[in-house]
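Data from final_38.cif: mmCIF, all heavy atoms
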data_entry
loop_
_atom_site.label_atom_id
_atom_site.label_comp_id
_atom_site.auth_asym_id
_atom_site.auth_seq_id
_atom_site.Cartn_x
_atom_site.Cartn_y
_atom_site.Cartn_z
N MET A 1 -10.83 15.15 4.79
CA MET A 1 -9.55 14.57 5.15
C MET A 1 -8.97 13.81 3.96
O MET A 1 -9.68 13.11 3.26
CB MET A 1 -9.74 13.62 6.34
CG MET A 1 -8.48 12.97 6.83
SD MET A 1 -8.78 12.05 8.36
CE MET A 1 -8.01 10.52 7.95
N ALA A 2 -7.71 13.97 3.73
CA ALA A 2 -7.02 13.29 2.64
C ALA A 2 -6.79 11.82 2.98
O ALA A 2 -6.82 11.43 4.15
CB ALA A 2 -5.70 13.98 2.36
N GLY A 3 -6.52 11.04 1.97
CA GLY A 3 -6.17 9.64 2.19
C GLY A 3 -4.83 9.53 2.89
O GLY A 3 -4.08 10.51 3.02
N LYS A 4 -4.53 8.32 3.36
CA LYS A 4 -3.25 8.11 4.05
C LYS A 4 -2.80 6.67 3.89
O LYS A 4 -3.59 5.76 3.65
CB LYS A 4 -3.37 8.45 5.52
CG LYS A 4 -4.28 7.52 6.31
CD LYS A 4 -4.31 7.90 7.79
CE LYS A 4 -5.25 7.00 8.57
NZ LYS A 4 -5.27 7.35 9.99
N PHE A 5 -1.49 6.48 4.02
CA PHE A 5 -0.90 5.16 4.06
C PHE A 5 -0.70 4.78 5.52
O PHE A 5 -0.21 5.59 6.31
CB PHE A 5 0.47 5.15 3.36
CG PHE A 5 0.39 5.24 1.87
CD1 PHE A 5 0.47 6.47 1.24
CD2 PHE A 5 0.24 4.11 1.09
CE1 PHE A 5 0.42 6.57 -0.14
CE2 PHE A 5 0.18 4.21 -0.29
CZ PHE A 5 0.27 5.43 -0.90
N GLU A 6 -1.06 3.56 5.88
CA GLU A 6 -0.79 3.03 7.22
C GLU A 6 0.24 1.92 7.08
O GLU A 6 0.03 0.96 6.34
CB GLU A 6 -2.05 2.46 7.86
CG GLU A 6 -3.07 3.49 8.24
CD GLU A 6 -4.28 2.90 8.93
OE1 GLU A 6 -4.51 1.67 8.85
OE2 GLU A 6 -5.01 3.69 9.54
N LEU A 7 1.32 2.03 7.80
CA LEU A 7 2.39 1.04 7.81
C LEU A 7 2.24 0.22 9.08
O LEU A 7 2.07 0.78 10.16
CB LEU A 7 3.75 1.76 7.79
CG LEU A 7 5.00 0.90 7.80
CD1 LEU A 7 5.09 0.04 6.55
CD2 LEU A 7 6.22 1.79 7.93
N TYR A 8 2.29 -1.11 8.95
CA TYR A 8 2.13 -1.96 10.14
C TYR A 8 2.91 -3.25 9.99
O TYR A 8 3.32 -3.63 8.89
CB TYR A 8 0.65 -2.23 10.41
CG TYR A 8 -0.06 -3.01 9.31
CD1 TYR A 8 -0.26 -4.38 9.42
CD2 TYR A 8 -0.55 -2.36 8.19
CE1 TYR A 8 -0.92 -5.09 8.43
CE2 TYR A 8 -1.21 -3.06 7.20
CZ TYR A 8 -1.40 -4.42 7.32
OH TYR A 8 -2.04 -5.12 6.34
N GLU A 9 3.13 -3.93 11.11
CA GLU A 9 3.81 -5.22 11.14
C GLU A 9 2.75 -6.31 11.13
O GLU A 9 1.80 -6.27 11.91
CB GLU A 9 4.68 -5.32 12.39
CG GLU A 9 5.67 -6.47 12.35
CD GLU A 9 6.70 -6.43 13.45
OE1 GLU A 9 6.84 -5.38 14.11
OE2 GLU A 9 7.37 -7.45 13.64
N ASP A 10 2.92 -7.29 10.24
CA ASP A 10 1.93 -8.36 10.15
C ASP A 10 2.26 -9.50 11.13
O ASP A 10 3.26 -9.45 11.84
CB ASP A 10 1.76 -8.86 8.71
CG ASP A 10 3.02 -9.49 8.12
OD1 ASP A 10 3.90 -9.95 8.87
OD2 ASP A 10 3.11 -9.53 6.87
N LYS A 11 1.40 -10.51 11.16
CA LYS A 11 1.54 -11.61 12.13
C LYS A 11 2.83 -12.40 11.95
O LYS A 11 3.33 -12.99 12.90
CB LYS A 11 0.34 -12.54 12.03
CG LYS A 11 -0.95 -11.91 12.48
CD LYS A 11 -2.11 -12.87 12.32
CE LYS A 11 -3.41 -12.18 12.70
NZ LYS A 11 -4.57 -13.04 12.47
N SER A 12 3.38 -12.42 10.74
CA SER A 12 4.59 -13.18 10.47
C SER A 12 5.86 -12.37 10.69
O SER A 12 6.96 -12.85 10.43
CB SER A 12 4.57 -13.74 9.05
OG SER A 12 4.64 -12.68 8.11
N GLY A 13 5.72 -11.12 11.15
CA GLY A 13 6.88 -10.27 11.40
C GLY A 13 7.30 -9.44 10.20
O GLY A 13 8.28 -8.71 10.27
N GLY A 14 6.55 -9.54 9.10
CA GLY A 14 6.83 -8.72 7.93
C GLY A 14 6.16 -7.36 8.06
O GLY A 14 5.45 -7.08 9.03
N PHE A 15 6.41 -6.51 7.08
CA PHE A 15 5.85 -5.17 7.09
C PHE A 15 4.91 -5.00 5.90
O PHE A 15 5.22 -5.42 4.79
CB PHE A 15 6.97 -4.13 7.04
CG PHE A 15 7.84 -4.16 8.26
CD1 PHE A 15 8.95 -4.99 8.31
CD2 PHE A 15 7.52 -3.41 9.37
CE1 PHE A 15 9.75 -5.04 9.44
CE2 PHE A 15 8.31 -3.45 10.51
CZ PHE A 15 9.42 -4.26 10.54
N ARG A 16 3.77 -4.41 6.15
CA ARG A 16 2.75 -4.17 5.12
C ARG A 16 2.26 -2.74 5.24
O ARG A 16 2.45 -2.10 6.26
CB ARG A 16 1.56 -5.10 5.31
CG ARG A 16 1.86 -6.55 5.10
CD ARG A 16 0.61 -7.39 5.35
NE ARG A 16 0.89 -8.80 5.19
CZ ARG A 16 0.64 -9.50 4.08
NH1 ARG A 16 0.08 -8.91 3.05
NH2 ARG A 16 0.95 -10.77 4.01
N PHE A 17 1.58 -2.31 4.19
CA PHE A 17 0.90 -1.02 4.28
C PHE A 17 -0.46 -1.15 3.63
O PHE A 17 -0.72 -2.04 2.84
CB PHE A 17 1.71 0.11 3.64
CG PHE A 17 1.98 -0.06 2.17
CD1 PHE A 17 1.06 0.35 1.22
CD2 PHE A 17 3.17 -0.61 1.73
CE1 PHE A 17 1.32 0.21 -0.14
CE2 PHE A 17 3.45 -0.75 0.38
CZ PHE A 17 2.52 -0.35 -0.55
N ARG A 18 -1.34 -0.28 4.05
CA ARG A 18 -2.65 -0.17 3.42
C ARG A 18 -2.89 1.29 3.10
O ARG A 18 -2.42 2.17 3.83
CB ARG A 18 -3.76 -0.76 4.29
CG ARG A 18 -3.87 -0.19 5.65
CD ARG A 18 -4.91 -0.95 6.49
NE ARG A 18 -4.54 -0.84 7.89
CZ ARG A 18 -4.29 -1.86 8.70
NH1 ARG A 18 -4.39 -3.09 8.28
NH2 ARG A 18 -3.96 -1.66 9.95
N LEU A 19 -3.59 1.53 2.03
CA LEU A 19 -3.96 2.87 1.62
C LEU A 19 -5.42 3.07 1.99
O LEU A 19 -6.27 2.27 1.61
CB LEU A 19 -3.75 3.06 0.12
CG LEU A 19 -4.18 4.38 -0.49
CD1 LEU A 19 -3.50 5.57 0.18
CD2 LEU A 19 -3.93 4.38 -1.99
N LYS A 20 -5.68 4.10 2.77
CA LYS A 20 -7.05 4.39 3.19
C LYS A 20 -7.52 5.69 2.56
O LYS A 20 -6.77 6.66 2.47
CB LYS A 20 -7.14 4.52 4.71
CG LYS A 20 -7.03 3.20 5.43
CD LYS A 20 -7.38 3.35 6.89
CE LYS A 20 -7.57 2.02 7.57
NZ LYS A 20 -7.97 2.21 8.97
N ALA A 21 -8.79 5.70 2.14
CA ALA A 21 -9.41 6.90 1.61
C ALA A 21 -9.68 7.86 2.75
O ALA A 21 -9.57 7.50 3.93
CB ALA A 21 -10.73 6.54 0.91
N GLY A 22 -10.07 9.07 2.42
CA GLY A 22 -10.36 10.09 3.42
C GLY A 22 -11.45 9.70 4.40
O GLY A 22 -11.46 10.15 5.54
N ASN A 23 -12.34 8.79 3.97
CA ASN A 23 -13.42 8.35 4.85
C ASN A 23 -13.03 7.14 5.70
O ASN A 23 -13.85 6.58 6.41
CB ASN A 23 -14.69 8.02 4.05
CG ASN A 23 -14.50 6.84 3.11
OD1 ASN A 23 -13.45 6.22 3.04
ND2 ASN A 23 -15.54 6.53 2.36
N GLY A 24 -11.77 6.71 5.61
CA GLY A 24 -11.27 5.59 6.41
C GLY A 24 -11.38 4.24 5.75
O GLY A 24 -10.88 3.25 6.28
N GLU A 25 -11.99 4.17 4.58
CA GLU A 25 -12.14 2.89 3.88
C GLU A 25 -10.80 2.46 3.29
O GLU A 25 -10.08 3.24 2.67
CB GLU A 25 -13.15 3.04 2.75
CG GLU A 25 -13.39 1.77 1.99
CD GLU A 25 -14.43 1.93 0.89
OE1 GLU A 25 -15.11 2.97 0.84
OE2 GLU A 25 -14.52 1.01 0.07
N VAL A 26 -10.45 1.17 3.47
CA VAL A 26 -9.23 0.62 2.89
C VAL A 26 -9.46 0.43 1.40
O VAL A 26 -10.41 -0.23 0.98
CB VAL A 26 -8.84 -0.73 3.54
CG1 VAL A 26 -7.63 -1.34 2.85
CG2 VAL A 26 -8.57 -0.54 5.03
N ILE A 27 -8.58 1.04 0.58
CA ILE A 27 -8.75 0.93 -0.87
C ILE A 27 -7.63 0.15 -1.53
O ILE A 27 -7.73 -0.21 -2.70
CB ILE A 27 -8.92 2.32 -1.52
CG1 ILE A 27 -7.77 3.25 -1.18
CG2 ILE A 27 -10.23 2.94 -1.09
CD1 ILE A 27 -7.85 4.59 -1.87
N ALA A 28 -6.55 -0.15 -0.78
CA ALA A 28 -5.47 -0.98 -1.31
C ALA A 28 -4.66 -1.53 -0.15
O ALA A 28 -4.52 -0.89 0.89
CB ALA A 28 -4.57 -0.16 -2.23
N THR A 29 -4.13 -2.73 -0.35
CA THR A 29 -3.23 -3.34 0.63
C THR A 29 -2.00 -3.88 -0.08
O THR A 29 -2.05 -4.22 -1.26
CB THR A 29 -3.91 -4.49 1.39
OG1 THR A 29 -4.36 -5.47 0.45
CG2 THR A 29 -5.08 -4.02 2.22
N SER A 30 -0.90 -3.95 0.63
CA SER A 30 0.35 -4.38 0.02
C SER A 30 0.63 -5.85 0.31
O SER A 30 -0.01 -6.49 1.14
CB SER A 30 1.51 -3.54 0.57
OG SER A 30 1.83 -3.94 1.89
N GLU A 31 1.65 -6.32 -0.36
CA GLU A 31 2.24 -7.61 -0.03
C GLU A 31 3.04 -7.45 1.26
O GLU A 31 3.19 -6.34 1.77
CB GLU A 31 3.18 -8.04 -1.16
CG GLU A 31 4.37 -7.09 -1.34
CD GLU A 31 5.27 -7.47 -2.50
OE1 GLU A 31 5.76 -8.61 -2.53
OE2 GLU A 31 5.47 -6.62 -3.38
N SER A 32 3.57 -8.54 1.79
CA SER A 32 4.42 -8.48 2.97
C SER A 32 5.87 -8.25 2.54
O SER A 32 6.37 -8.95 1.66
CB SER A 32 4.31 -9.77 3.77
OG SER A 32 5.07 -9.70 4.95
N TYR A 33 6.50 -7.27 3.15
CA TYR A 33 7.90 -6.96 2.87
C TYR A 33 8.73 -7.45 4.05
O TYR A 33 8.29 -7.41 5.19
CB TYR A 33 8.10 -5.45 2.73
CG TYR A 33 7.46 -4.87 1.50
CD1 TYR A 33 6.13 -4.47 1.51
CD2 TYR A 33 8.18 -4.69 0.33
CE1 TYR A 33 5.52 -3.92 0.39
CE2 TYR A 33 7.59 -4.15 -0.80
CZ TYR A 33 6.26 -3.77 -0.76
OH TYR A 33 5.68 -3.22 -1.87
N GLN A 34 9.96 -7.90 3.79
CA GLN A 34 10.83 -8.40 4.85
C GLN A 34 11.33 -7.28 5.75
O GLN A 34 11.64 -7.52 6.92
CB GLN A 34 12.01 -9.17 4.27
CG GLN A 34 11.61 -10.47 3.63
CD GLN A 34 12.81 -11.24 3.12
OE1 GLN A 34 13.94 -10.76 3.10
NE2 GLN A 34 12.59 -12.47 2.69
N THR A 35 11.43 -6.08 5.21
CA THR A 35 11.96 -4.97 5.99
C THR A 35 11.01 -3.77 5.95
O THR A 35 10.22 -3.62 5.01
CB THR A 35 13.33 -4.49 5.46
OG1 THR A 35 13.15 -3.98 4.13
CG2 THR A 35 14.35 -5.63 5.45
N LYS A 36 11.11 -2.95 6.96
CA LYS A 36 10.32 -1.72 7.00
C LYS A 36 10.72 -0.82 5.83
O LYS A 36 9.87 -0.20 5.19
CB LYS A 36 10.55 -1.01 8.33
CG LYS A 36 9.74 0.24 8.52
CD LYS A 36 9.98 0.83 9.91
CE LYS A 36 9.19 2.09 10.14
NZ LYS A 36 9.41 2.63 11.49
N ALA A 37 12.01 -0.76 5.54
CA ALA A 37 12.50 0.05 4.43
C ALA A 37 11.88 -0.40 3.10
O ALA A 37 11.54 0.42 2.26
CB ALA A 37 14.02 0.01 4.35
N GLY A 38 11.72 -1.71 2.93
CA GLY A 38 11.11 -2.23 1.72
C GLY A 38 9.66 -1.77 1.58
O GLY A 38 9.22 -1.38 0.50
N ALA A 39 8.92 -1.80 2.69
CA ALA A 39 7.53 -1.34 2.67
C ALA A 39 7.46 0.16 2.38
O ALA A 39 6.61 0.61 1.61
CB ALA A 39 6.86 -1.66 3.99
N LEU A 40 8.36 0.93 2.98
CA LEU A 40 8.38 2.37 2.71
C LEU A 40 8.72 2.65 1.25
O LEU A 40 8.17 3.57 0.64
CB LEU A 40 9.37 3.07 3.65
CG LEU A 40 8.93 3.12 5.12
CD1 LEU A 40 10.08 3.61 6.00
CD2 LEU A 40 7.71 4.00 5.29
N ASN A 41 9.61 1.85 0.67
CA ASN A 41 9.92 1.99 -0.76
C ASN A 41 8.70 1.68 -1.62
O ASN A 41 8.47 2.32 -2.64
CB ASN A 41 11.09 1.09 -1.16
CG ASN A 41 12.42 1.62 -0.70
OD1 ASN A 41 12.58 2.81 -0.44
ND2 ASN A 41 13.39 0.73 -0.56
N GLY A 42 7.90 0.69 -1.19
CA GLY A 42 6.66 0.37 -1.90
C GLY A 42 5.70 1.54 -1.89
O GLY A 42 5.07 1.85 -2.90
N ILE A 43 5.58 2.19 -0.75
CA ILE A 43 4.72 3.38 -0.65
C ILE A 43 5.22 4.47 -1.59
O ILE A 43 4.44 5.08 -2.33
CB ILE A 43 4.67 3.89 0.81
CG1 ILE A 43 3.91 2.90 1.69
CG2 ILE A 43 4.03 5.28 0.87
CD1 ILE A 43 4.00 3.19 3.18
N GLU A 44 6.50 4.72 -1.58
CA GLU A 44 7.06 5.77 -2.45
C GLU A 44 6.85 5.43 -3.92
O GLU A 44 6.59 6.31 -4.74
CB GLU A 44 8.54 5.99 -2.14
CG GLU A 44 8.78 6.69 -0.82
CD GLU A 44 8.03 8.02 -0.70
OE1 GLU A 44 8.04 8.83 -1.65
OE2 GLU A 44 7.41 8.23 0.36
N SER A 45 6.95 4.15 -4.26
CA SER A 45 6.74 3.73 -5.64
C SER A 45 5.31 4.04 -6.08
O SER A 45 5.08 4.53 -7.20
CB SER A 45 7.02 2.24 -5.79
OG SER A 45 6.74 1.81 -7.11
N ILE A 46 4.35 3.78 -5.23
CA ILE A 46 2.96 4.09 -5.57
C ILE A 46 2.77 5.58 -5.73
O ILE A 46 2.13 6.05 -6.68
CB ILE A 46 2.00 3.52 -4.50
CG1 ILE A 46 1.99 2.00 -4.59
CG2 ILE A 46 0.59 4.08 -4.68
CD1 ILE A 46 1.22 1.32 -3.50
N LYS A 47 3.32 6.35 -4.81
CA LYS A 47 3.19 7.81 -4.90
C LYS A 47 3.76 8.33 -6.22
O LYS A 47 3.23 9.25 -6.83
CB LYS A 47 3.92 8.48 -3.73
CG LYS A 47 3.21 8.33 -2.41
CD LYS A 47 4.03 9.04 -1.34
CE LYS A 47 3.37 9.03 0.01
NZ LYS A 47 4.17 9.75 1.02
N THR A 48 4.86 7.75 -6.66
CA THR A 48 5.53 8.19 -7.88
C THR A 48 4.84 7.70 -9.14
O THR A 48 4.66 8.45 -10.10
CB THR A 48 6.99 7.70 -7.89
OG1 THR A 48 7.66 8.22 -6.73
CG2 THR A 48 7.73 8.13 -9.14
N ASN A 49 4.44 6.42 -9.16
CA ASN A 49 3.99 5.79 -10.39
C ASN A 49 2.48 5.77 -10.61
O ASN A 49 2.03 5.64 -11.74
CB ASN A 49 4.51 4.35 -10.46
CG ASN A 49 6.01 4.31 -10.54
OD1 ASN A 49 6.61 4.90 -11.43
ND2 ASN A 49 6.65 3.63 -9.60
N ALA A 50 1.69 5.88 -9.57
CA ALA A 50 0.25 5.68 -9.71
C ALA A 50 -0.52 6.87 -10.29
O ALA A 50 -1.56 6.65 -10.90
CB ALA A 50 -0.36 5.27 -8.38
N PRO A 51 -0.09 8.11 -10.12
CA PRO A 51 -0.92 9.22 -10.61
C PRO A 51 -1.30 9.12 -12.08
O PRO A 51 -2.41 9.46 -12.45
CB PRO A 51 -0.07 10.46 -10.35
CG PRO A 51 0.80 10.09 -9.22
CD PRO A 51 1.09 8.62 -9.43
N GLY A 52 -0.44 8.60 -12.92
CA GLY A 52 -0.73 8.49 -14.33
C GLY A 52 -1.04 7.07 -14.79
O GLY A 52 -1.04 6.79 -15.98
N ALA A 53 -1.30 6.18 -13.84
CA ALA A 53 -1.51 4.78 -14.21
C ALA A 53 -2.80 4.60 -15.00
O ALA A 53 -3.82 5.20 -14.70
CB ALA A 53 -1.57 3.92 -12.95
N ASN A 54 -2.71 3.77 -16.03
CA ASN A 54 -3.88 3.44 -16.85
C ASN A 54 -4.61 2.26 -16.22
O ASN A 54 -4.03 1.48 -15.46
CB ASN A 54 -3.44 3.06 -18.27
CG ASN A 54 -2.85 4.23 -19.01
OD1 ASN A 54 -3.32 5.35 -18.88
ND2 ASN A 54 -1.81 3.98 -19.77
N VAL A 55 -5.87 2.10 -16.59
CA VAL A 55 -6.65 0.94 -16.16
C VAL A 55 -6.58 -0.10 -17.26
O VAL A 55 -6.92 0.19 -18.41
CB VAL A 55 -8.12 1.33 -15.88
CG1 VAL A 55 -8.94 0.09 -15.55
CG2 VAL A 55 -8.18 2.34 -14.76
N ASP A 56 -6.14 -1.31 -16.92
CA ASP A 56 -6.08 -2.42 -17.87
C ASP A 56 -7.26 -3.33 -17.54
O ASP A 56 -7.17 -4.21 -16.70
CB ASP A 56 -4.76 -3.17 -17.73
CG ASP A 56 -4.63 -4.33 -18.68
OD1 ASP A 56 -5.48 -4.47 -19.59
OD2 ASP A 56 -3.68 -5.11 -18.52
N ASP A 57 -8.40 -3.10 -18.21
CA ASP A 57 -9.62 -3.87 -17.95
C ASP A 57 -9.51 -5.23 -18.64
O ASP A 57 -9.62 -5.33 -19.85
CB ASP A 57 -10.84 -3.09 -18.46
CG ASP A 57 -12.15 -3.79 -18.17
OD1 ASP A 57 -12.12 -4.93 -17.64
OD2 ASP A 57 -13.19 -3.19 -18.44
N GLN A 58 -9.28 -6.27 -17.85
CA GLN A 58 -9.12 -7.62 -18.40
C GLN A 58 -10.40 -8.42 -18.28
O GLN A 58 -10.37 -9.65 -18.44
CB GLN A 58 -7.96 -8.30 -17.68
CG GLN A 58 -6.65 -7.59 -17.91
CD GLN A 58 -5.46 -8.30 -17.31
OE1 GLN A 58 -5.58 -9.34 -16.67
NE2 GLN A 58 -4.28 -7.74 -17.54
N THR A 59 -11.52 -7.75 -18.05
CA THR A 59 -12.79 -8.46 -17.96
C THR A 59 -13.49 -8.56 -19.30
O THR A 59 -14.47 -9.29 -19.43
CB THR A 59 -13.74 -7.75 -16.97
OG1 THR A 59 -14.04 -6.43 -17.46
CG2 THR A 59 -13.13 -7.65 -15.59
N ALA A 60 -13.00 -7.83 -20.27
CA ALA A 60 -13.66 -7.83 -21.60
C ALA A 60 -13.26 -9.02 -22.42
O ALA A 60 -12.24 -9.59 -22.32
CB ALA A 60 -13.30 -6.54 -22.34
#
Take the structure in the file and give it back as C-alpha cells.
Amino acid sequence: MAGKFELYEDKSGGFRFRLKAGNGEVIATSESYQTKAGALNGIESIKTNAPGANVDDQTA
C-alpha cells in the first residue's frame, strides 16, 4: 500500500494533515492551518517540492 495524506480538524478548529507510510506509521505532521484550503495547499506543496529535497544535516 502506498503512503497517504490524512487531512483532519484539530482541537482548536484548525486544519492539519499527517503523512502516513504504507504501513500506517506517521512520518510527518503539519502545522495548524486556519482554513482547509490552506492545509490542502500545504499538501500540494510537499508533493511538488519534496521529491528532490536535500537533507541538511545540522547535527555535525
Name the residues that the PyMOL selection byres (((chain A and resi 42 and name CA) around 12) and name CA) pulls out of this structure, and write them as a PyMOL selection string. chain A and resi 5+7+15-19+29-41+43-50
Could you state the separation of CA of Gly3 in chain A and atom O of Ala21 in chain A in Å, given to one decimal place? 4.4 Å
DSSP says strand (DSSP E or B) for which residues of range 10-51 of chain A? Put them as a PyMOL selection string? chain A and resi 15-20+26-29+33
With DSSP run on the backbone, what are the alpha helix (DSSP H) residues within chain A? I'd like them as an MDAnalysis selection string. chainID A and resid 36:49
What is the distance, in Å and to one decimal place, between CA of Val26 in chain A and CA of Asp10 in chain A? 16.1 Å
Can you spell out as number ranges by chain the set of residues that the PyMOL selection byres ((chain A and resi 22) around 4.5) selects in the structure I just provided? A: 1-3, 20-21, 23-24
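Distance-wise, atom C of Glu25 in chain A and CA of Tyr8 in chain A end up 15.3 Å apart.
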Pull out range 22-54 of chain A, keep C-alpha atoms, and write it as a compact mmCIF listing (two decimals), in the first residue's frame.
# COMPACT_ATOMS: atom_id res chain seq x y z
CA GLY A 22 2.27 2.39 3.58
CA ASN A 23 2.45 0.52 6.89
CA GLY A 24 0.33 3.18 8.65
CA GLU A 25 3.20 4.81 10.55
CA VAL A 26 3.00 8.62 10.78
CA ILE A 27 6.14 10.04 9.18
CA ALA A 28 5.26 13.75 9.11
CA THR A 29 2.74 16.15 10.62
CA SER A 30 1.81 19.68 9.64
CA GLU A 31 1.29 22.92 11.43
CA SER A 32 -2.27 24.10 12.04
CA TYR A 33 -3.82 25.99 9.12
CA GLN A 34 -6.75 28.39 9.55
CA THR A 35 -8.54 27.01 6.50
CA LYS A 36 -8.99 23.64 4.86
CA ALA A 37 -7.77 25.18 1.60
CA GLY A 38 -4.55 26.24 3.34
CA ALA A 39 -3.93 22.69 4.55
CA LEU A 40 -4.63 21.30 1.08
CA ASN A 41 -2.15 23.82 -0.37
CA GLY A 42 0.42 22.57 2.16
CA ILE A 43 -0.10 19.01 0.94
CA GLU A 44 0.31 20.09 -2.68
CA SER A 45 3.48 21.99 -1.79
CA ILE A 46 5.02 18.86 -0.30
CA LYS A 47 4.03 16.79 -3.32
CA THR A 48 5.65 19.35 -5.62
CA ASN A 49 8.77 20.29 -3.65
CA ALA A 50 9.79 17.25 -1.61
CA PRO A 51 10.82 14.69 -4.28
CA GLY A 52 14.14 16.45 -4.88
CA ALA A 53 14.66 17.85 -1.39
CA ASN A 54 18.16 17.61 0.04
